[in-house]
file final35.cif (mmCIF, C-alpha atoms)
data_data
loop_
_atom_site.group_PDB
_atom_site.id
_atom_site.type_symbol
_atom_site.label_atom_id
_atom_site.label_comp_id
_atom_site.auth_asym_id
_atom_site.auth_seq_id
_atom_site.Cartn_x
_atom_site.Cartn_y
_atom_site.Cartn_z
ATOM 1 C CA MET A 29 5.987 -23.098 45.666
ATOM 2 C CA ILE A 30 5.434 -25.891 48.206
ATOM 3 C CA LYS A 31 3.204 -23.603 50.318
ATOM 4 C CA SER A 32 1.173 -22.703 47.236
ATOM 5 C CA LYS A 33 0.578 -26.412 46.407
ATOM 6 C CA MET A 34 -0.381 -27.140 50.011
ATOM 7 C CA ARG A 35 -2.832 -24.245 50.013
ATOM 8 C CA LYS A 36 -4.428 -25.495 46.768
ATOM 9 C CA ARG A 37 -4.773 -29.009 48.201
ATOM 10 C CA LEU A 38 -6.390 -27.666 51.372
ATOM 11 C CA VAL A 39 -8.873 -25.599 49.357
ATOM 12 C CA ILE A 40 -9.754 -28.602 47.137
ATOM 13 C CA PHE A 41 -10.050 -30.865 50.195
ATOM 14 C CA SER A 42 -12.323 -28.329 51.910
ATOM 15 C CA LEU A 43 -14.503 -28.043 48.825
ATOM 16 C CA LEU A 44 -14.799 -31.834 48.568
ATOM 17 C CA ILE A 45 -15.871 -32.109 52.193
ATOM 18 C CA PHE A 46 -18.322 -29.221 51.873
ATOM 19 C CA SER A 47 -19.851 -30.616 48.677
ATOM 20 C CA GLY A 48 -20.713 -33.818 50.568
ATOM 21 C CA LEU A 49 -22.863 -31.907 53.046
ATOM 22 C CA THR A 50 -26.554 -31.392 52.540
ATOM 23 C CA VAL A 51 -28.656 -28.566 53.908
ATOM 24 C CA THR A 52 -31.670 -29.464 56.061
ATOM 25 C CA SER A 53 -35.018 -27.697 55.869
ATOM 26 C CA CYS A 54 -34.076 -25.633 58.937
ATOM 27 C CA GLY A 55 -31.070 -24.190 57.095
ATOM 28 C CA GLU A 56 -28.447 -26.069 59.132
ATOM 29 C CA LEU A 57 -25.868 -28.340 57.531
ATOM 30 C CA ASN A 58 -26.606 -32.057 57.698
ATOM 31 C CA ASN A 59 -23.710 -34.171 58.967
ATOM 32 C CA PRO A 60 -22.712 -36.584 56.153
ATOM 33 C CA ILE A 61 -21.320 -39.138 58.636
ATOM 34 C CA VAL A 62 -24.278 -39.236 61.044
ATOM 35 C CA PRO A 63 -27.063 -37.633 58.966
ATOM 36 C CA LYS A 64 -30.432 -36.538 60.274
ATOM 37 C CA ALA A 65 -33.687 -37.539 58.584
ATOM 38 C CA GLU A 66 -35.232 -34.839 56.409
ATOM 39 C CA LEU A 67 -38.993 -35.264 56.165
ATOM 40 C CA THR A 68 -41.626 -33.454 54.139
ATOM 41 C CA VAL A 69 -45.419 -33.637 54.370
ATOM 42 C CA THR A 70 -46.497 -33.871 50.737
ATOM 43 C CA LYS A 71 -50.252 -34.360 51.144
ATOM 44 C CA VAL A 72 -53.004 -34.071 53.768
ATOM 45 C CA THR A 73 -56.374 -35.528 52.777
ATOM 46 C CA SER A 74 -59.328 -37.370 54.323
ATOM 47 C CA ALA A 75 -60.997 -40.703 53.598
ATOM 48 C CA ASP A 76 -64.197 -38.687 53.065
ATOM 49 C CA GLU A 77 -63.298 -36.421 50.137
ATOM 50 C CA ALA A 78 -66.586 -34.493 50.316
ATOM 51 C CA LYS A 79 -66.394 -33.682 54.043
ATOM 52 C CA GLY A 80 -62.612 -33.433 54.408
ATOM 53 C CA VAL A 81 -61.004 -33.638 57.846
ATOM 54 C CA SER A 82 -64.163 -33.350 59.921
ATOM 55 C CA ILE A 83 -66.495 -34.435 62.692
ATOM 56 C CA ILE A 84 -70.062 -35.290 61.690
ATOM 57 C CA GLN A 85 -72.648 -35.504 64.482
ATOM 58 C CA SER A 86 -75.778 -37.619 64.130
ATOM 59 C CA PHE A 87 -78.465 -38.924 66.484
ATOM 60 C CA LYS A 88 -80.306 -42.128 67.221
ATOM 61 C CA SER A 89 -83.339 -42.459 69.456
ATOM 62 C CA SER A 90 -83.268 -44.765 72.464
ATOM 63 C CA GLY A 91 -86.543 -44.755 74.385
ATOM 64 C CA ALA A 92 -87.078 -41.203 75.678
ATOM 65 C CA PHE A 93 -83.538 -40.090 74.778
ATOM 66 C CA ASN A 94 -81.635 -38.911 71.718
ATOM 67 C CA ILE A 95 -78.117 -40.324 71.731
ATOM 68 C CA ALA A 96 -75.468 -38.281 69.928
ATOM 69 C CA GLU A 97 -72.977 -40.182 67.785
ATOM 70 C CA TYR A 98 -69.857 -38.822 66.090
ATOM 71 C CA LYS A 99 -68.069 -39.818 62.909
ATOM 72 C CA PHE A 100 -64.416 -38.738 62.869
ATOM 73 C CA ASN A 101 -62.854 -38.209 59.441
ATOM 74 C CA GLU A 102 -59.212 -38.115 60.508
ATOM 75 C CA PRO A 103 -56.444 -36.685 58.299
ATOM 76 C CA THR A 104 -54.607 -39.045 55.985
ATOM 77 C CA VAL A 105 -51.041 -37.758 55.731
ATOM 78 C CA THR A 106 -48.291 -38.578 53.230
ATOM 79 C CA ILE A 107 -44.743 -38.066 54.546
ATOM 80 C CA GLU A 108 -41.579 -38.441 52.450
ATOM 81 C CA ASN A 109 -38.040 -39.030 53.757
ATOM 82 C CA ARG A 110 -35.109 -38.042 51.537
ATOM 83 C CA PRO A 111 -33.259 -40.974 49.919
ATOM 84 C CA GLY A 112 -30.468 -42.441 52.039
ATOM 85 C CA LEU A 113 -31.519 -40.706 55.231
ATOM 86 C CA PRO A 114 -32.338 -42.634 58.413
ATOM 87 C CA ARG A 115 -35.622 -44.153 59.548
ATOM 88 C CA VAL A 116 -37.800 -42.114 61.920
ATOM 89 C CA ILE A 117 -40.136 -43.404 64.622
ATOM 90 C CA PHE A 118 -42.649 -40.822 65.811
ATOM 91 C CA LYS A 119 -43.848 -41.423 69.367
ATOM 92 C CA GLN A 120 -46.019 -38.420 70.161
ATOM 93 C CA VAL A 121 -48.368 -35.970 68.456
ATOM 94 C CA ILE A 122 -49.221 -32.475 69.721
ATOM 95 C CA VAL A 123 -52.438 -30.942 68.393
ATOM 96 C CA GLU A 124 -53.379 -27.265 68.669
ATOM 97 C CA ILE A 125 -56.867 -26.440 67.399
ATOM 98 C CA THR A 126 -58.142 -22.941 66.672
ATOM 99 C CA LEU A 127 -61.898 -22.250 66.687
ATOM 100 C CA ASN A 128 -63.178 -18.723 65.931
ATOM 101 C CA ASN A 129 -59.689 -17.240 66.525
ATOM 102 C CA LYS A 130 -59.505 -18.930 69.940
ATOM 103 C CA LYS A 131 -56.957 -21.679 70.586
ATOM 104 C CA LEU A 132 -57.963 -24.693 72.632
ATOM 105 C CA PRO A 133 -55.331 -26.024 75.071
ATOM 106 C CA ALA A 134 -52.695 -28.092 73.258
ATOM 107 C CA GLN A 135 -53.338 -31.831 73.462
ATOM 108 C CA LYS A 136 -50.563 -34.476 73.531
ATOM 109 C CA PHE A 137 -51.260 -38.045 72.465
ATOM 110 C CA PRO A 138 -49.031 -41.122 72.185
ATOM 111 C CA LEU A 139 -48.396 -42.307 68.651
ATOM 112 C CA ILE A 140 -46.314 -44.979 66.953
ATOM 113 C CA LEU A 141 -45.593 -44.129 63.330
ATOM 114 C CA THR A 142 -42.541 -45.214 61.314
ATOM 115 C CA ILE A 143 -41.070 -43.477 58.262
ATOM 116 C CA PRO A 144 -38.611 -45.913 56.636
ATOM 117 C CA ASN A 145 -35.023 -45.161 55.659
ATOM 118 C CA GLY A 146 -35.300 -42.995 52.535
ATOM 119 C CA GLY A 147 -38.936 -44.040 52.155
ATOM 120 C CA SER A 148 -42.442 -42.742 52.715
ATOM 121 C CA PHE A 149 -45.554 -43.210 54.830
ATOM 122 C CA SER A 150 -49.205 -42.637 53.989
ATOM 123 C CA GLY A 151 -51.904 -43.226 56.586
ATOM 124 C CA GLY A 152 -54.326 -41.807 59.103
ATOM 125 C CA ILE A 153 -53.226 -39.807 62.131
ATOM 126 C CA PRO A 154 -55.863 -39.574 64.885
ATOM 127 C CA ILE A 155 -56.150 -35.955 66.021
ATOM 128 C CA LEU A 156 -59.930 -35.501 66.415
ATOM 129 C CA GLN A 157 -61.385 -38.503 68.234
ATOM 130 C CA LEU A 158 -58.965 -38.228 71.152
ATOM 131 C CA SER A 159 -59.895 -34.631 72.094
ATOM 132 C CA ASP A 160 -62.813 -34.271 74.506
ATOM 133 C CA ASP A 161 -62.147 -30.509 74.619
ATOM 134 C CA LEU A 162 -62.901 -30.269 70.908
ATOM 135 C CA ILE A 163 -66.237 -32.112 71.183
ATOM 136 C CA ASN A 164 -67.237 -29.986 74.191
ATOM 137 C CA ALA A 165 -66.363 -26.748 72.360
ATOM 138 C CA VAL A 166 -68.089 -27.580 69.071
ATOM 139 C CA TYR A 167 -71.029 -29.643 70.356
ATOM 140 C CA PRO A 168 -71.633 -28.381 73.939
ATOM 141 C CA ASN A 169 -73.655 -30.977 75.909
ATOM 142 C CA ASN A 170 -74.061 -32.928 72.642
ATOM 143 C CA ALA A 171 -76.175 -30.082 71.193
ATOM 144 C CA PHE A 172 -76.280 -29.341 67.469
ATOM 145 C CA VAL A 173 -73.060 -27.939 66.016
ATOM 146 C CA SER A 174 -72.166 -24.474 67.315
ATOM 147 C CA ILE A 175 -69.008 -23.864 65.209
ATOM 148 C CA GLY A 176 -68.732 -24.835 61.553
ATOM 149 C CA SER A 177 -64.974 -24.815 60.962
ATOM 150 C CA GLY A 178 -61.538 -24.613 62.525
ATOM 151 C CA LEU A 179 -57.845 -25.213 61.968
ATOM 152 C CA ALA A 180 -55.551 -27.883 63.406
ATOM 153 C CA GLU A 181 -51.795 -27.356 63.795
ATOM 154 C CA VAL A 182 -50.173 -30.745 64.261
ATOM 155 C CA THR A 183 -46.623 -31.494 65.428
ATOM 156 C CA LEU A 184 -45.171 -35.005 65.276
ATOM 157 C CA LEU A 185 -42.298 -35.744 67.682
ATOM 158 C CA GLY A 186 -39.878 -38.616 67.202
ATOM 159 C CA VAL A 187 -36.323 -39.875 66.902
ATOM 160 C CA ASP A 188 -34.418 -41.083 63.857
ATOM 161 C CA SER A 189 -32.167 -44.150 63.850
ATOM 162 C CA ASN A 190 -29.108 -41.907 64.378
ATOM 163 C CA ASP A 191 -30.685 -40.643 67.645
ATOM 164 C CA HIS A 192 -31.555 -37.187 66.337
ATOM 165 C CA ILE A 193 -34.780 -35.646 67.651
ATOM 166 C CA VAL A 194 -37.133 -35.036 64.731
ATOM 167 C CA THR A 195 -40.163 -32.735 64.648
ATOM 168 C CA LEU A 196 -42.551 -32.433 61.716
ATOM 169 C CA LYS A 197 -45.449 -29.990 61.431
ATOM 170 C CA PHE A 198 -48.516 -29.716 59.236
ATOM 171 C CA THR A 199 -51.832 -27.871 59.333
ATOM 172 C CA THR A 200 -55.269 -28.866 58.122
ATOM 173 C CA PRO A 201 -58.639 -27.115 57.974
ATOM 174 C CA LEU A 202 -61.426 -28.731 60.024
ATOM 175 C CA ARG A 203 -65.144 -28.987 59.345
ATOM 176 C CA PHE A 204 -67.962 -29.666 61.808
ATOM 177 C CA GLU A 205 -71.544 -30.650 60.929
ATOM 178 C CA THR A 206 -74.748 -32.006 62.441
ATOM 179 C CA ASP A 207 -77.056 -34.414 60.637
ATOM 180 C CA PRO A 208 -80.386 -33.804 62.404
ATOM 181 C CA SER A 209 -82.363 -36.482 60.531
ATOM 182 C CA GLY A 210 -82.235 -38.985 63.393
ATOM 183 C CA PHE A 211 -83.139 -36.463 66.101
ATOM 184 C CA VAL A 212 -86.628 -37.043 67.534
ATOM 185 C CA THR A 213 -88.388 -34.256 69.441
ATOM 186 C CA PRO A 214 -90.649 -35.068 72.437
ATOM 187 C CA GLU A 215 -93.715 -34.000 70.393
ATOM 188 C CA THR A 216 -92.829 -36.447 67.619
ATOM 189 C CA LYS A 217 -92.429 -39.233 70.173
ATOM 190 C CA LYS A 218 -95.871 -38.448 71.639
ATOM 191 C CA GLU A 219 -97.433 -38.503 68.156
ATOM 192 C CA ASP A 220 -95.767 -41.836 67.405
ATOM 193 C CA SER A 221 -97.046 -43.341 70.663
ATOM 194 C CA THR A 222 -100.654 -42.186 70.034
ATOM 195 C CA THR A 223 -100.752 -43.570 66.505
ATOM 196 C CA THR A 224 -99.667 -47.038 67.563
#
call {"tool": "encode", "arguments": {"input": "final35.cif", "output": "structure tokens"}}
result
Amino acid sequence: MIKSKMRKRLVIFSLLIFSGLTVTSCGELNNPIVPKAELTVTKVTSADEAKGVSIIQSFKSSGAFNIAEYKFNEPTVTIENRPGLPRVIFKQVIVEITLNNKKLPAQKFPLILTIPNGGSFSGGIPILQLSDDLINAVYPNNAFVSIGSGLAEVTLLGVDSNDHIVTLKFTTPLRFETDPSGFVTPETKKEDSTTT
């Protein structure tokens, strides 16, 4: 009789402890005493809704030269942390870009981005303007665009306030364009000089 009561108490106690645990997105149990942040990317957009996450090349003339300029429409990302879970500070971003089924070498950049305790973050994450390899692959020698689209796989690396390492991944399609309206050919320059 006493053993039976003890067994029932142990089962109830075990169930109470287990019910206090939460499951993380990786399938592992989250420690209720020292929990790990659980983050979700809920939206990836761009400040330029029409162009999306993109690089737009344009030109301006300077004497005998055409100077290429680039507008970077970086991704704007919304990240949610589950209520009651610790703050996360991301310190690094790893970007892997695929162009025509070929992956460019992974690029690592420093980053400081904070997701508050049980809160959210929405803001730009620079993944395009820091990659010279991307510009060289899409616009070789600042020529007109050679590749129209691609895909970026982005991994954020950080630590939560309970000292757990946190990684968060998202992907976004990329678009590349050239606006040739400012490009001046040598013939046009000669015509302009003869008419003046």
call {"tool": "residues_around", "arguments": {"input": "final35.cif", "residues": "region 139-145 of chain A", "least_positions_apart": "4", "cutoff": "8 Å", "atoms": "all atoms listed in the file", "output": "number ranges by chain"}}
result
A: 107-109, 111-121, 149
call {"tool": "atom_distance", "arguments": {"input": "final35.cif", "atom1": "CA of Ile193 (chain A)", "atom2": "CA of Asp160 (chain A)"}}
result
28.9 Å
call {"tool": "residues_around", "arguments": {"input": "final35.cif", "residues": "region 163-172 of chain A", "least_positions_apart": "3", "cutoff": "12 Å", "atoms": "all atoms listed in the file", "output": "PyMOL selection string"}}
result
chain A and resi 82-87+94-100+125-128+130-133+155-160+175-178+202-209+211
call {"tool": "atom_distance", "arguments": {"input": "final35.cif", "atom1": "CA of Thr73 (chain A)", "atom2": "CA of Thr104 (chain A)"}}
result
5.1 Å
call {"tool": "atom_distance", "arguments": {"input": "final35.cif", "atom1": "CA of Lys136 (chain A)", "atom2": "CA of Glu124 (chain A)"}}
result
9.1 Å
call {"tool": "resolve_selection", "arguments": {"input": "final35.cif", "expression": "the PyMOL selection byres ((chain A and resi 200) around 6)", "output": "ChimeraX atom specification"}}
result
/A:179-180,199,201
call {"tool": "closest_residue", "arguments": {"input": "final35.cif", "among": "A:Ser90, A:Val123, A:Gly152, A:Leu185", "to": "Asp76 (chain A)", "atoms": "only C-alpha atoms"}}
result
A:Gly152
call {"tool": "closest_residue", "arguments": {"input": "final35.cif", "among": "A:Pro60, A:Gly91, A:Pro138, A:Pro103", "to": "Glu77 (chain A)", "atoms": "only C-alpha atoms"}}
result
A:Pro103
call {"tool": "residues_near_point", "arguments": {"input": "final35.cif", "point": "(-41.7, -32.7, 61.5)", "cutoff": "7 Å", "atoms": "all atoms listed in the file", "output": "ChimeraX atom specification"}}
result
/A:67,183-185,194-197
call {"tool": "closest_residue", "arguments": {"input": "final35.cif", "among": "A:Gly210, A:Arg110, A:Gly80, A:Asp191", "to": "Gly147 (chain A)", "atoms": "all atoms listed in the file"}}
result
A:Arg110
